[in-house]
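What's in target-v3.txt: compact mmCIF, C-alpha atoms
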# COMPACT_ATOMS: atom_id res chain seq x y z
CA MET F 1 -0.23 22.64 -14.51
CA GLN F 2 0.05 21.10 -17.97
CA ASP F 3 1.91 18.15 -16.44
CA GLU F 4 -0.71 17.82 -13.72
CA GLU F 5 -3.46 17.72 -16.29
CA SER F 6 -1.72 15.09 -18.41
CA THR F 7 -1.03 12.99 -15.29
CA ALA F 8 -4.70 13.23 -14.33
CA ARG F 9 -5.72 12.17 -17.85
CA GLY F 10 -3.28 9.24 -17.72
CA LEU F 11 -4.76 8.12 -14.41
CA GLN F 12 -8.25 8.31 -15.84
CA LYS F 13 -7.22 6.15 -18.79
CA ARG F 14 -5.77 3.68 -16.27
CA ASP F 15 -2.40 4.07 -17.90
CA PRO F 16 0.01 1.88 -15.85
CA ASP F 17 2.87 4.36 -16.34
CA ALA F 18 0.81 7.24 -14.96
CA TRP F 19 -0.21 5.17 -11.94
CA ALA F 20 3.36 4.02 -11.35
CA GLU F 21 4.57 7.64 -11.48
CA VAL F 22 1.94 8.83 -9.00
CA TYR F 23 2.59 5.87 -6.74
CA GLU F 24 6.36 6.47 -6.64
CA LYS F 25 5.90 10.17 -6.10
CA TYR F 26 3.31 10.03 -3.34
CA PHE F 27 3.31 6.69 -1.54
CA SER F 28 5.91 7.60 1.10
CA ARG F 29 4.38 11.03 1.61
CA VAL F 30 0.88 9.61 2.04
CA TYR F 31 2.32 7.00 4.40
CA ARG F 32 4.09 9.63 6.54
CA TYR F 33 0.96 11.73 6.77
CA ILE F 34 -1.16 8.75 7.83
CA ALA F 35 1.49 7.40 10.23
CA LEU F 36 1.66 10.72 12.02
CA ARG F 37 -2.12 10.85 12.25
CA VAL F 38 -2.85 7.29 13.41
CA GLY F 39 0.40 6.69 15.33
CA ASP F 40 0.53 3.04 14.25
CA LYS F 41 3.09 1.67 11.83
CA THR F 42 1.23 -1.41 10.58
CA GLU F 43 -2.13 0.33 10.25
CA ALA F 44 -0.47 3.23 8.43
CA GLU F 45 0.99 0.83 5.86
CA ASP F 46 -2.37 -0.82 5.31
CA LEU F 47 -4.18 2.50 5.08
CA ALA F 48 -1.65 3.99 2.66
CA GLY F 49 -2.08 0.97 0.39
CA GLN F 50 -5.86 1.36 0.59
CA VAL F 51 -5.64 5.03 -0.34
CA PHE F 52 -4.16 4.10 -3.72
CA LEU F 53 -6.69 1.32 -4.30
CA LYS F 54 -9.49 3.72 -3.40
CA ALA F 55 -8.02 6.33 -5.72
CA PHE F 56 -7.94 3.73 -8.46
CA GLU F 57 -11.58 2.78 -7.85
CA SER F 58 -12.77 6.37 -7.80
CA ILE F 59 -10.68 7.78 -10.63
CA SER F 60 -13.63 7.68 -13.01
CA SER F 61 -15.40 10.28 -10.88
CA PHE F 62 -12.32 12.55 -10.81
CA LYS F 63 -12.93 15.64 -12.90
CA TRP F 64 -10.02 17.82 -13.92
CA ARG F 65 -10.84 21.31 -12.64
CA GLY F 66 -7.35 22.45 -11.89
CA VAL F 67 -7.22 20.62 -8.54
CA PRO F 68 -3.81 18.94 -8.31
CA VAL F 69 -3.62 15.16 -8.16
CA SER F 70 -1.81 15.48 -4.82
CA ALA F 71 -4.74 17.36 -3.26
CA TRP F 72 -7.19 14.72 -4.54
CA LEU F 73 -5.02 11.88 -3.21
CA PHE F 74 -4.53 13.47 0.21
CA ARG F 75 -8.24 14.21 0.41
CA ILE F 76 -8.81 10.45 0.08
CA ALA F 77 -6.12 9.81 2.71
CA HIS F 78 -7.69 12.39 5.03
CA ASN F 79 -11.12 10.74 4.75
CA GLN F 80 -9.59 7.30 5.12
CA VAL F 81 -8.04 8.32 8.45
CA ILE F 82 -11.36 9.75 9.65
CA ASP F 83 -13.09 6.43 8.80
CA TYR F 84 -10.30 4.48 10.46
CA ARG F 85 -10.58 6.49 13.67
CA ARG F 86 -14.29 5.86 13.76
CA THR F 87 -13.81 2.10 13.74
CA SER F 88 -10.39 1.51 15.28
CA LYS F 89 -11.06 1.71 19.00
CA ALA F 90 -10.61 -2.04 19.58
CA LYS F 91 -7.42 -2.34 17.55
CA LEU F 92 -3.99 -2.90 19.01
CA HIS F 93 -1.28 -0.37 18.27
CA THR F 94 2.32 -0.88 17.26
CA PRO F 95 4.28 1.45 19.55
CA LEU F 96 5.76 4.53 17.92
CA GLU F 97 9.21 3.48 19.08
CA GLU F 98 9.06 0.58 16.65
CA TRP F 99 8.69 2.87 13.68
CA LEU F 100 12.27 2.77 12.62
CA ILE F 101 13.78 -0.29 14.23
CA SER F 102 15.33 -2.53 11.64
CA ASP F 103 17.69 -5.47 11.95
CA ASP F 104 20.70 -3.88 10.31
CA ALA F 105 20.48 -0.40 11.82
CA ASP F 106 22.76 1.17 14.41
CA PRO F 107 20.76 0.85 17.67
CA VAL F 108 22.08 4.13 19.13
CA LEU F 109 21.23 6.07 15.99
CA GLU F 110 17.83 4.40 15.84
CA ALA F 111 17.13 5.31 19.47
CA GLU F 112 18.01 8.96 18.81
CA ARG F 113 15.84 9.07 15.72
CA ASN F 114 12.94 7.47 17.57
CA LEU F 115 13.33 10.07 20.28
CA ASP F 116 13.12 12.85 17.68
CA ILE F 117 10.00 11.32 16.20
CA HIS F 118 8.49 10.78 19.63
CA ARG F 119 9.06 14.41 20.65
CA VAL F 120 7.51 15.74 17.46
CA VAL F 121 4.56 13.35 17.57
CA GLN F 122 3.87 14.38 21.17
CA ALA F 123 4.10 18.07 20.30
CA VAL F 124 1.91 17.78 17.20
CA GLY F 125 -0.59 15.73 19.21
CA GLN F 126 -1.15 18.68 21.54
CA LEU F 127 -2.18 21.08 18.77
CA THR F 128 -5.81 21.83 18.00
CA GLN F 129 -7.32 19.55 15.33
CA ALA F 130 -7.36 22.35 12.74
CA GLN F 131 -3.68 23.13 13.41
CA ARG F 132 -2.78 19.43 13.26
CA ASP F 133 -4.52 19.06 9.91
CA VAL F 134 -2.40 21.83 8.44
CA ILE F 135 0.92 20.75 9.98
CA GLU F 136 0.50 17.08 9.07
CA LEU F 137 -0.43 17.80 5.47
CA ARG F 138 2.20 20.49 5.06
CA PHE F 139 5.20 18.88 6.78
CA ALA F 140 4.53 15.14 6.66
CA GLY F 141 2.59 15.14 3.37
CA GLY F 142 4.84 17.77 1.81
CA LEU F 143 1.95 19.76 0.32
CA SER F 144 2.00 23.45 -0.52
CA THR F 145 -0.33 25.87 1.25
CA ALA F 146 -2.55 25.97 -1.85
CA GLU F 147 -2.80 22.16 -1.90
CA VAL F 148 -3.54 22.00 1.84
CA ALA F 149 -6.30 24.56 1.31
CA LYS F 150 -7.86 22.34 -1.40
CA VAL F 151 -7.69 19.21 0.78
CA LEU F 152 -9.25 20.91 3.79
CA GLY F 153 -11.71 23.08 1.87
CA LYS F 154 -10.32 26.28 3.43
CA SER F 155 -8.92 29.47 1.96
CA GLN F 156 -5.14 29.82 1.60
CA GLY F 157 -5.27 32.75 4.01
CA ALA F 158 -6.94 30.58 6.66
CA VAL F 159 -4.33 27.86 6.17
CA LYS F 160 -1.49 30.36 6.58
CA VAL F 161 -3.01 31.70 9.80
CA LEU F 162 -3.35 28.16 11.17
CA GLN F 163 0.19 27.34 10.08
CA HIS F 164 1.52 30.34 11.95
CA SER F 165 -0.36 29.63 15.17
CA ALA F 166 0.56 25.93 14.98
CA LEU F 167 4.27 26.75 14.63
CA VAL F 168 4.13 29.13 17.60
CA ALA F 169 2.60 26.32 19.68
CA LEU F 170 5.01 23.70 18.33
CA ARG F 171 8.00 25.90 19.06
CA LYS F 172 6.92 26.26 22.69
CA ARG F 173 6.30 22.54 23.10
CA LEU F 174 9.45 21.41 21.36
CA SER F 175 11.66 23.73 23.38
CA SER F 176 10.00 22.95 26.71
CA GLY F 177 9.71 19.21 26.04
CA SER F 178 13.42 18.61 25.64
CA ASN F 179 16.84 19.99 26.34
CA HIS F 180 17.94 18.93 22.88
CA GLU F 181 20.06 21.43 21.03
CA GLU F 182 18.56 21.90 17.60
CA GLU F 183 21.25 21.70 14.95
CA PHE F 184 20.87 22.59 11.33
CA MET B 1 1.42 45.57 -1.39
CA LYS B 2 3.01 44.84 1.96
CA LYS B 3 3.15 41.17 2.82
CA SER B 4 1.68 39.96 6.10
CA PHE B 5 3.81 37.94 8.51
CA ASP B 6 1.78 34.80 7.67
CA ASP B 7 2.69 35.27 4.00
CA ILE B 8 6.38 35.82 4.74
CA LEU B 9 6.48 32.71 6.94
CA ASP B 10 4.83 30.69 4.19
CA ILE B 11 7.25 32.00 1.53
CA CYS B 12 10.23 31.10 3.73
CA LEU B 13 8.87 27.60 4.34
CA ASP B 14 8.46 27.07 0.59
CA ARG B 15 11.96 28.36 -0.06
CA ILE B 16 13.40 25.95 2.52
CA THR B 17 11.38 22.92 1.44
CA LEU B 18 11.18 23.41 -2.32
CA LYS B 19 14.31 25.38 -3.20
CA GLY B 20 16.59 24.05 -0.49
CA ASP B 21 17.41 27.52 0.91
CA SER B 22 18.82 27.75 4.42
CA ILE B 23 17.09 29.46 7.34
CA GLU B 24 19.82 32.14 7.27
CA GLN B 25 19.16 32.94 3.60
CA CYS B 26 15.47 33.47 4.38
CA LEU B 27 16.24 35.62 7.39
CA GLU B 28 18.51 37.81 5.27
CA SER B 29 15.60 38.48 2.92
CA TYR B 30 13.36 39.61 5.77
CA PRO B 31 15.60 41.32 8.35
CA GLU B 32 12.71 43.14 10.06
CA GLN B 33 10.89 39.88 10.78
CA ALA B 34 14.01 37.77 11.38
CA ALA B 35 13.73 37.61 15.17
CA GLU B 36 10.17 36.37 15.01
CA LEU B 37 10.75 34.13 11.99
CA GLU B 38 13.80 32.22 13.15
CA PRO B 39 12.34 30.13 16.00
CA LEU B 40 9.27 29.29 13.94
CA LEU B 41 11.34 28.16 10.96
CA ARG B 42 13.49 26.01 13.27
CA ALA B 43 10.39 24.41 14.80
CA ALA B 44 9.07 23.74 11.29
CA LEU B 45 12.38 22.21 10.23
CA SER B 46 12.48 19.97 13.33
CA THR B 47 9.01 18.73 12.49
CA MET B 48 9.83 18.12 8.83
CA LYS B 49 13.08 16.38 9.74
CA ALA B 50 11.37 14.03 12.18
CA ALA B 51 8.53 13.33 9.73
CA SER B 52 11.01 12.50 6.97
CA LEU B 53 12.43 9.71 9.15
CA ILE B 54 9.11 7.90 9.07
CA GLU B 55 9.39 5.49 6.15
CA PRO B 56 7.27 2.48 5.18
CA ARG B 57 9.03 -0.87 5.16
CA PRO B 58 10.37 -1.44 1.61
CA GLU B 59 8.71 -4.85 1.36
CA TYR B 60 5.36 -3.32 2.23
CA LYS B 61 5.83 -0.50 -0.23
CA ARG B 62 6.48 -3.05 -2.96
CA LEU B 63 3.52 -5.11 -1.82
CA ALA B 64 1.16 -2.13 -2.02
CA ARG B 65 2.53 -1.38 -5.48
CA ASN B 66 1.82 -4.92 -6.63
CA ARG B 67 -1.73 -4.69 -5.31
CA LEU B 68 -2.23 -1.60 -7.41
CA VAL B 69 -0.75 -3.35 -10.44
CA SER B 70 -3.08 -6.33 -9.78
CA ALA B 71 -6.04 -3.93 -9.64
CA LEU B 72 -4.96 -2.48 -13.01
CA GLU B 73 -4.58 -5.96 -14.49
CA ALA B 74 -7.93 -7.11 -13.11
CA ARG B 75 -9.59 -4.06 -14.59
CA GLU B 76 -8.09 -4.85 -18.00
CA LYS B 77 -9.21 -8.47 -17.69
CA ASN B 78 -12.76 -7.45 -16.73
CA LYS B 79 -12.91 -5.08 -19.67
CA THR B 80 -12.05 -7.93 -22.01
CA GLU B 81 -14.43 -10.34 -20.35
CA ARG B 82 -17.33 -7.88 -20.35
CA ARG B 83 -17.19 -8.05 -24.11
CA MET B 84 -17.92 -11.78 -23.95
CA PRO B 85 -21.61 -12.75 -24.08
CA LEU B 86 -21.56 -15.08 -21.08
CA TRP B 87 -20.02 -13.74 -17.95
CA GLY B 88 -20.55 -13.63 -14.18
CA TRP B 89 -22.56 -16.42 -12.60
CA GLN B 90 -23.91 -17.57 -15.95
CA ARG B 91 -20.41 -18.21 -17.22
CA ARG B 92 -19.35 -19.96 -14.02
CA TRP B 93 -22.31 -22.31 -14.23
CA ALA B 94 -21.69 -22.89 -17.92
CA VAL B 95 -18.04 -23.77 -17.25
CA ALA B 96 -18.98 -26.14 -14.43
CA LEU B 97 -21.71 -27.79 -16.49
CA ALA B 98 -19.44 -28.21 -19.49
CA ALA B 99 -16.76 -29.69 -17.25
CA VAL B 100 -19.23 -32.17 -15.69
CA LEU B 101 -20.34 -33.21 -19.18
CA VAL B 102 -16.73 -33.71 -20.25
CA LEU B 103 -16.09 -35.85 -17.18
CA ILE B 104 -19.17 -38.00 -17.85
CA LEU B 105 -18.15 -38.42 -21.46
CA VAL B 106 -14.52 -39.26 -20.86
CA GLY B 107 -15.26 -41.56 -17.94
CA VAL B 108 -13.84 -42.11 -14.47
CA GLY B 109 -10.80 -44.08 -15.70
CA THR B 110 -9.65 -41.25 -17.89
CA VAL B 111 -10.13 -38.76 -15.06
CA SER B 112 -7.94 -40.74 -12.70
CA ALA B 113 -5.35 -41.30 -15.45
CA SER B 114 -5.23 -37.55 -16.08
CA ALA B 115 -4.14 -36.86 -12.48
CA SER B 116 -0.49 -37.40 -13.32
CA SER B 117 -0.60 -35.57 -16.66
CA LEU B 118 1.51 -32.48 -17.29
CA PRO B 119 0.88 -29.38 -19.41
CA GLY B 120 1.20 -30.40 -23.06
CA ASP B 121 -0.11 -33.94 -22.42
CA ALA B 122 -3.31 -35.05 -24.13
CA LEU B 123 -5.05 -35.63 -20.80
CA TYR B 124 -4.04 -32.34 -19.18
CA PRO B 125 -7.28 -30.53 -20.19
CA VAL B 126 -9.22 -33.31 -18.40
CA LYS B 127 -7.16 -32.68 -15.28
CA THR B 128 -7.90 -28.95 -15.28
CA ALA B 129 -11.58 -29.55 -16.07
CA THR B 130 -11.80 -31.89 -13.07
CA GLU B 131 -10.23 -29.21 -10.90
CA LYS B 132 -12.77 -26.65 -12.10
CA VAL B 133 -15.62 -28.94 -11.02
CA GLN B 134 -13.98 -29.60 -7.66
CA GLY B 135 -13.44 -25.87 -7.15
CA PHE B 136 -17.03 -25.11 -8.03
CA PHE B 137 -18.32 -27.51 -5.40
CA THR B 138 -15.87 -26.49 -2.68
CA LEU B 139 -17.81 -24.45 -0.14
CA GLY B 140 -16.67 -22.20 2.73
CA GLY B 141 -13.96 -19.53 2.84
CA GLU B 142 -11.14 -21.49 4.44
CA ALA B 143 -11.92 -24.62 2.38
CA LYS B 144 -11.77 -22.56 -0.82
CA ALA B 145 -8.49 -20.99 0.30
CA ASN B 146 -7.05 -24.44 0.95
CA PHE B 147 -8.23 -25.58 -2.46
CA HIS B 148 -6.45 -22.62 -4.10
CA MET B 149 -3.29 -23.58 -2.19
CA LYS B 150 -3.63 -27.19 -3.32
CA LEU B 151 -3.82 -26.08 -6.95
CA ALA B 152 -0.89 -23.68 -6.53
CA GLN B 153 1.18 -26.55 -5.10
CA ARG B 154 0.08 -28.78 -7.99
CA ARG B 155 1.20 -26.19 -10.57
CA LEU B 156 4.52 -25.91 -8.77
CA ASP B 157 4.99 -29.69 -8.84
CA GLU B 158 4.17 -29.72 -12.55
CA LEU B 159 6.67 -26.96 -13.18
CA LYS B 160 9.36 -28.93 -11.38
CA LEU B 161 8.58 -32.15 -13.26
CA LEU B 162 8.59 -30.39 -16.65
CA ALA B 163 11.91 -28.75 -15.90
CA GLU B 164 13.46 -32.00 -14.66
CA SER B 165 12.41 -33.82 -17.83
CA ASN B 166 13.70 -30.95 -20.03
CA ARG B 167 10.25 -30.23 -21.43
CA ASN B 168 8.89 -26.80 -22.36
CA VAL B 169 7.26 -24.94 -19.51
CA PRO B 170 4.24 -22.93 -20.72
CA GLN B 171 4.35 -19.32 -19.56
CA SER B 172 0.78 -19.55 -18.29
CA LEU B 173 1.76 -22.14 -15.69
CA LEU B 174 3.64 -19.58 -13.61
CA GLY B 175 0.77 -17.11 -13.93
CA VAL B 176 -1.77 -19.72 -12.81
CA MET B 177 0.39 -20.64 -9.83
CA ASN B 178 0.63 -16.99 -8.74
CA THR B 179 -3.10 -16.43 -9.31
CA GLU B 180 -4.07 -19.47 -7.22
CA THR B 181 -1.75 -18.32 -4.41
CA ASN B 182 -3.18 -14.82 -4.48
CA GLY B 183 -6.70 -16.29 -4.50
CA ALA B 184 -5.92 -18.07 -1.24
CA ILE B 185 -4.42 -14.92 0.29
CA GLU B 186 -7.41 -12.78 -0.65
CA ILE B 187 -9.83 -15.25 0.96
CA LEU B 188 -7.74 -15.65 4.12
CA SER B 189 -7.37 -11.84 4.44
CA ARG B 190 -11.14 -11.44 4.46
CA ASP B 191 -11.90 -14.42 6.70
CA LYS B 192 -12.01 -13.24 10.34
CA GLU B 193 -12.09 -16.80 11.67
CA VAL B 194 -9.03 -17.93 9.77
CA GLY B 195 -6.92 -20.54 11.60
CA ASN B 196 -3.19 -20.66 12.17
CA LYS B 197 -3.00 -23.95 10.30
CA SER B 198 -4.12 -22.40 7.00
CA ILE B 199 -1.70 -19.49 7.37
CA ASP B 200 1.14 -21.90 8.15
CA ARG B 201 0.20 -23.88 5.08
CA LEU B 202 0.25 -20.70 3.01
CA MET B 203 3.66 -19.75 4.36
CA GLY B 204 4.96 -23.24 3.62
CA LEU B 205 3.61 -23.01 0.08
CA THR B 206 5.10 -19.60 -0.69
CA SER B 207 8.40 -20.57 0.88
CA ASN B 208 8.48 -23.76 -1.22
CA GLN B 209 7.68 -21.72 -4.34
CA LYS B 210 10.61 -19.42 -3.64
CA THR B 211 12.97 -22.37 -3.17
CA VAL B 212 11.89 -24.19 -6.34
CA LEU B 213 11.95 -21.08 -8.54
CA THR B 214 15.36 -20.04 -7.22
CA GLU B 215 16.73 -23.51 -7.96
CA LEU B 216 15.33 -23.42 -11.48
CA MET B 217 16.81 -20.01 -12.18
CA GLY B 218 20.25 -21.39 -12.97
CA LYS B 219 18.94 -24.05 -15.34
CA VAL B 220 16.82 -22.09 -17.79
CA THR B 221 17.34 -19.90 -20.88
CA PRO B 222 17.78 -16.12 -20.40
CA LYS B 223 14.26 -15.46 -21.71
CA ALA B 224 12.70 -17.99 -19.35
CA LYS B 225 14.84 -16.56 -16.57
CA LEU B 226 13.10 -13.20 -16.89
CA ARG B 227 9.71 -14.88 -16.53
CA LEU B 228 10.95 -16.86 -13.54
CA GLN B 229 12.29 -13.70 -11.92
CA ASP B 230 8.93 -12.04 -12.28
CA ALA B 231 7.15 -15.08 -10.83
CA LEU B 232 9.69 -15.24 -8.01
CA LYS B 233 9.05 -11.60 -7.16
CA ARG B 234 5.35 -12.36 -6.94
CA CYS B 235 6.05 -15.37 -4.71
CA GLU B 236 8.16 -13.18 -2.42
CA ASP B 237 5.32 -10.69 -2.18
CA ALA B 238 2.88 -13.49 -1.47
CA HIS B 239 5.19 -14.72 1.28
CA ALA B 240 5.38 -11.21 2.75
CA ARG B 241 1.59 -10.99 2.70
CA ALA B 242 1.36 -14.39 4.42
CA LEU B 243 3.71 -13.10 7.14
CA LEU B 244 1.55 -10.01 7.59
CA LEU B 245 -1.53 -12.22 7.88
CA LYS B 246 0.21 -14.27 10.54
CA ASP B 247 1.03 -11.09 12.47
CA LYS B 248 -2.57 -10.01 12.26
CA ILE B 249 -4.18 -13.22 13.51
CA PRO B 250 -3.87 -12.41 17.25
CA GLN B 251 -5.38 -8.96 16.62
CA MET B 252 -8.23 -10.39 14.56
CA LYS B 253 -8.96 -13.03 17.19
CA LYS B 254 -8.84 -10.46 19.97
CA MET B 255 -11.34 -8.28 18.13
CA HIS B 256 -13.72 -11.20 17.71
CA VAL B 257 -13.83 -12.56 21.25
CA PRO B 258 -17.53 -13.15 21.97
CA SER B 259 -18.80 -10.95 24.80
CA PRO B 260 -19.43 -12.86 28.03
CA SER B 261 -23.04 -13.82 28.63
CA PRO B 262 -24.72 -11.92 31.49

Starting from the file, give its structure as structure tokens.
Amino acid sequence: MQDEESTARGLQKRDPDAWAEVYEKYFSRVYRYIALRVGDKTEAEDLAGQVFLKAFESISSFKWRGVPVSAWLFRIAHNQVIDYRRTSKAKLHTPLEEWLISDDADPVLEAERNLDIHRVVQAVGQLTQAQRDVIELRFAGGLSTAEVAKVLGKSQGAVKVLQHSALVALRKRLSSGSNHEEEF
Amino acid sequence: MKKSFDDILDICLDRITLKGDSIEQCLESYPEQAAELEPLLRAALSTMKAASLIEPRPEYKRLARNRLVSALEAREKNKTERRMPLWGWQRRWAVALAAVLVLILVGVGTVSASASSLPGDALYPVKTATEKVQGFFTLGGEAKANFHMKLAQRRLDELKLLAESNRNVPQSLLGVMNTETNGAIEILSRDKEVGNKSIDRLMGLTSNQKTVLTELMGKVTPKAKLRLQDALKRCEDAHARALLLKDKIPQMKKMHVPSPSP
């Protein structure tokens, strides 16, 4: 908590090191969360970049009350996605299958990975909005239950209940949607 | 106090994600709930595993980082400038007026003679003052963007000429070149009616910058090399942004097709 507070103070002072640290720690996580929500690679990159610029613009209004920086950042990302959805109807989408394709990658491996992503995105997409919010923040954003509760303005108990029901639904969809053997 | 199943599930998820425990280790801790826990933990792990494969392109990640750094730098610059008595539109007008006065005083001959001057030459301030006046009177988004590109190209040419004649290259020259390029990109990113020609010009400029700076890299002192590397990085980012703009043009055009008249 001490570290969190000093990071928050560094951000408020516009200390480049504090911003670099937060950026390195959260950019990919914010990107994953947004990508899963909007289902568009290019838009997710743009939106993730905007989240950090918005955070930078609004840091002066950030008050340290024990709310972790991660929860504040993901709250901005959450609102950014809501705004995007409101205005994005006319936009073209980059297909999900293009998420991972790169020039130097093994095409077979890439295809398998894309299939995994596709299955999960489909399954998550069938959850209720409240369940999706929890799963996307928890598993794509990598937040703890307490942080998810702060972002969504719910109690930790409510988040845990939603997490449970979402996993029951996901389990059904993932096992019925594919004959894939899950290996861990 | 006895833990609820929701709590146990949450604890196991934290143990797996934060401590790196296996599903089996968690199940051993909660044998009574193991049968119910296992499929849920596997579903959670499948979801986390798939989500972890979603990564931003490295060039875009770096680009977003540079935008944040630019925002930090701009904020610092504004803070310094706010302390100055004349700022905003007043300062812009004052600069333009002063530049016009200088041009009147020095005369047309001097202005045209300054066109070929290089940083460090006596006439170089006249050249930059002339550019300020031209920039002030350049109207329209795309025209302004093209003017920024013209100046960026000019700074690049000056850099090349200075290096070829073994003269000192002022550090600010690289910064000005990057700033002019970014100025063009910012305008073109906002302009919904931007044409392919301007984007192609931007791509040509940034590509040329990369070539020239890379060539110079082997000919300069180690200290200057560091500055060149930094400028080159910025040019590469500018090129990546130009490519993204090019990708976006069809989408922007599609979104701005006028609706057919009834």

**Request:** Give me, please, the distance in Å between atom CA of B:Lys3 and atom CA of B:Glu36, quoted to one decimal.
**Result:** 14.9 Å

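Among the candidates F:Leu115, F:Ala166, F:Leu143, F:Val120, the one nearest to chain B when counting only C-alpha atoms is F:Val120.
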
Find the residues of chain B that sit at most 8 Å from chain F; for each, write down the nearest two atoms and how far apart they are in Å, to one decimal. Count all atoms listed in the file. Sort by chain, then by number going up, and give it as JSON lines.
{"residue": "B:Asp6", "atom": "CA", "partner": "F:Lys160", "partner_atom": "CA", "distance": 5.6}
{"residue": "B:Asp7", "atom": "CA", "partner": "F:Lys160", "partner_atom": "CA", "distance": 6.9}
{"residue": "B:Leu9", "atom": "CA", "partner": "F:His164", "partner_atom": "CA", "distance": 7.4}
{"residue": "B:Asp10", "atom": "CA", "partner": "F:Lys160", "partner_atom": "CA", "distance": 6.8}
{"residue": "B:Asp14", "atom": "CA", "partner": "F:Ser144", "partner_atom": "CA", "distance": 7.5}
{"residue": "B:Pro39", "atom": "CA", "partner": "F:Arg171", "partner_atom": "CA", "distance": 6.8}
{"residue": "B:Leu40", "atom": "CA", "partner": "F:Leu167", "partner_atom": "CA", "distance": 5.7}
{"residue": "B:Arg42", "atom": "CA", "partner": "F:Glu182", "partner_atom": "CA", "distance": 7.8}
{"residue": "B:Ala43", "atom": "CA", "partner": "F:Arg171", "partner_atom": "CA", "distance": 5.1}
{"residue": "B:Ala44", "atom": "CA", "partner": "F:Leu167", "partner_atom": "CA", "distance": 6.6}
{"residue": "B:Ser46", "atom": "CA", "partner": "F:Glu182", "partner_atom": "CA", "distance": 7.7}
{"residue": "B:Thr47", "atom": "CA", "partner": "F:Val120", "partner_atom": "CA", "distance": 6.0}
{"residue": "B:Met48", "atom": "CA", "partner": "F:Phe139", "partner_atom": "CA", "distance": 5.1}
{"residue": "B:Ala50", "atom": "CA", "partner": "F:Ile117", "partner_atom": "CA", "distance": 5.0}
{"residue": "B:Ala51", "atom": "CA", "partner": "F:Ala140", "partner_atom": "CA", "distance": 5.4}
{"residue": "B:Ser52", "atom": "CA", "partner": "F:Ala140", "partner_atom": "CA", "distance": 7.0}
{"residue": "B:Leu53", "atom": "CA", "partner": "F:Arg113", "partner_atom": "CA", "distance": 7.4}
{"residue": "B:Ile54", "atom": "CA", "partner": "F:Arg32", "partner_atom": "CA", "distance": 5.9}
{"residue": "B:Glu55", "atom": "CA", "partner": "F:Ser28", "partner_atom": "CA", "distance": 6.5}
{"residue": "B:Pro56", "atom": "CA", "partner": "F:Glu45", "partner_atom": "CA", "distance": 6.5}
{"residue": "B:Tyr60", "atom": "CA", "partner": "F:Glu45", "partner_atom": "CA", "distance": 7.0}
{"residue": "B:Lys61", "atom": "CA", "partner": "F:Phe27", "partner_atom": "CA", "distance": 7.7}
{"residue": "B:Ala64", "atom": "CA", "partner": "F:Gly49", "partner_atom": "CA", "distance": 5.1}
{"residue": "B:Arg65", "atom": "CA", "partner": "F:Tyr23", "partner_atom": "CA", "distance": 7.4}
{"residue": "B:Arg67", "atom": "CA", "partner": "F:Leu53", "partner_atom": "CA", "distance": 7.9}
{"residue": "B:Leu68", "atom": "CA", "partner": "F:Leu53", "partner_atom": "CA", "distance": 6.2}
{"residue": "B:Val69", "atom": "CA", "partner": "F:Pro16", "partner_atom": "CA", "distance": 7.6}
{"residue": "B:Ala71", "atom": "CA", "partner": "F:Leu53", "partner_atom": "CA", "distance": 7.5}
{"residue": "B:Leu72", "atom": "CA", "partner": "F:Arg14", "partner_atom": "CA", "distance": 7.0}
{"residue": "B:Gln251", "atom": "CA", "partner": "F:Leu92", "partner_atom": "CA", "distance": 6.7}
{"residue": "B:Met255", "atom": "CA", "partner": "F:Ala90", "partner_atom": "CA", "distance": 6.4}

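Atom pair atom CA of F:Thr87 / atom CA of B:Arg190: separated by 16.6 Å.
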
**Complete:** A straight line from atom CA of F:Arg9 to atom CA of B:Ser70 spans 20.4 Å
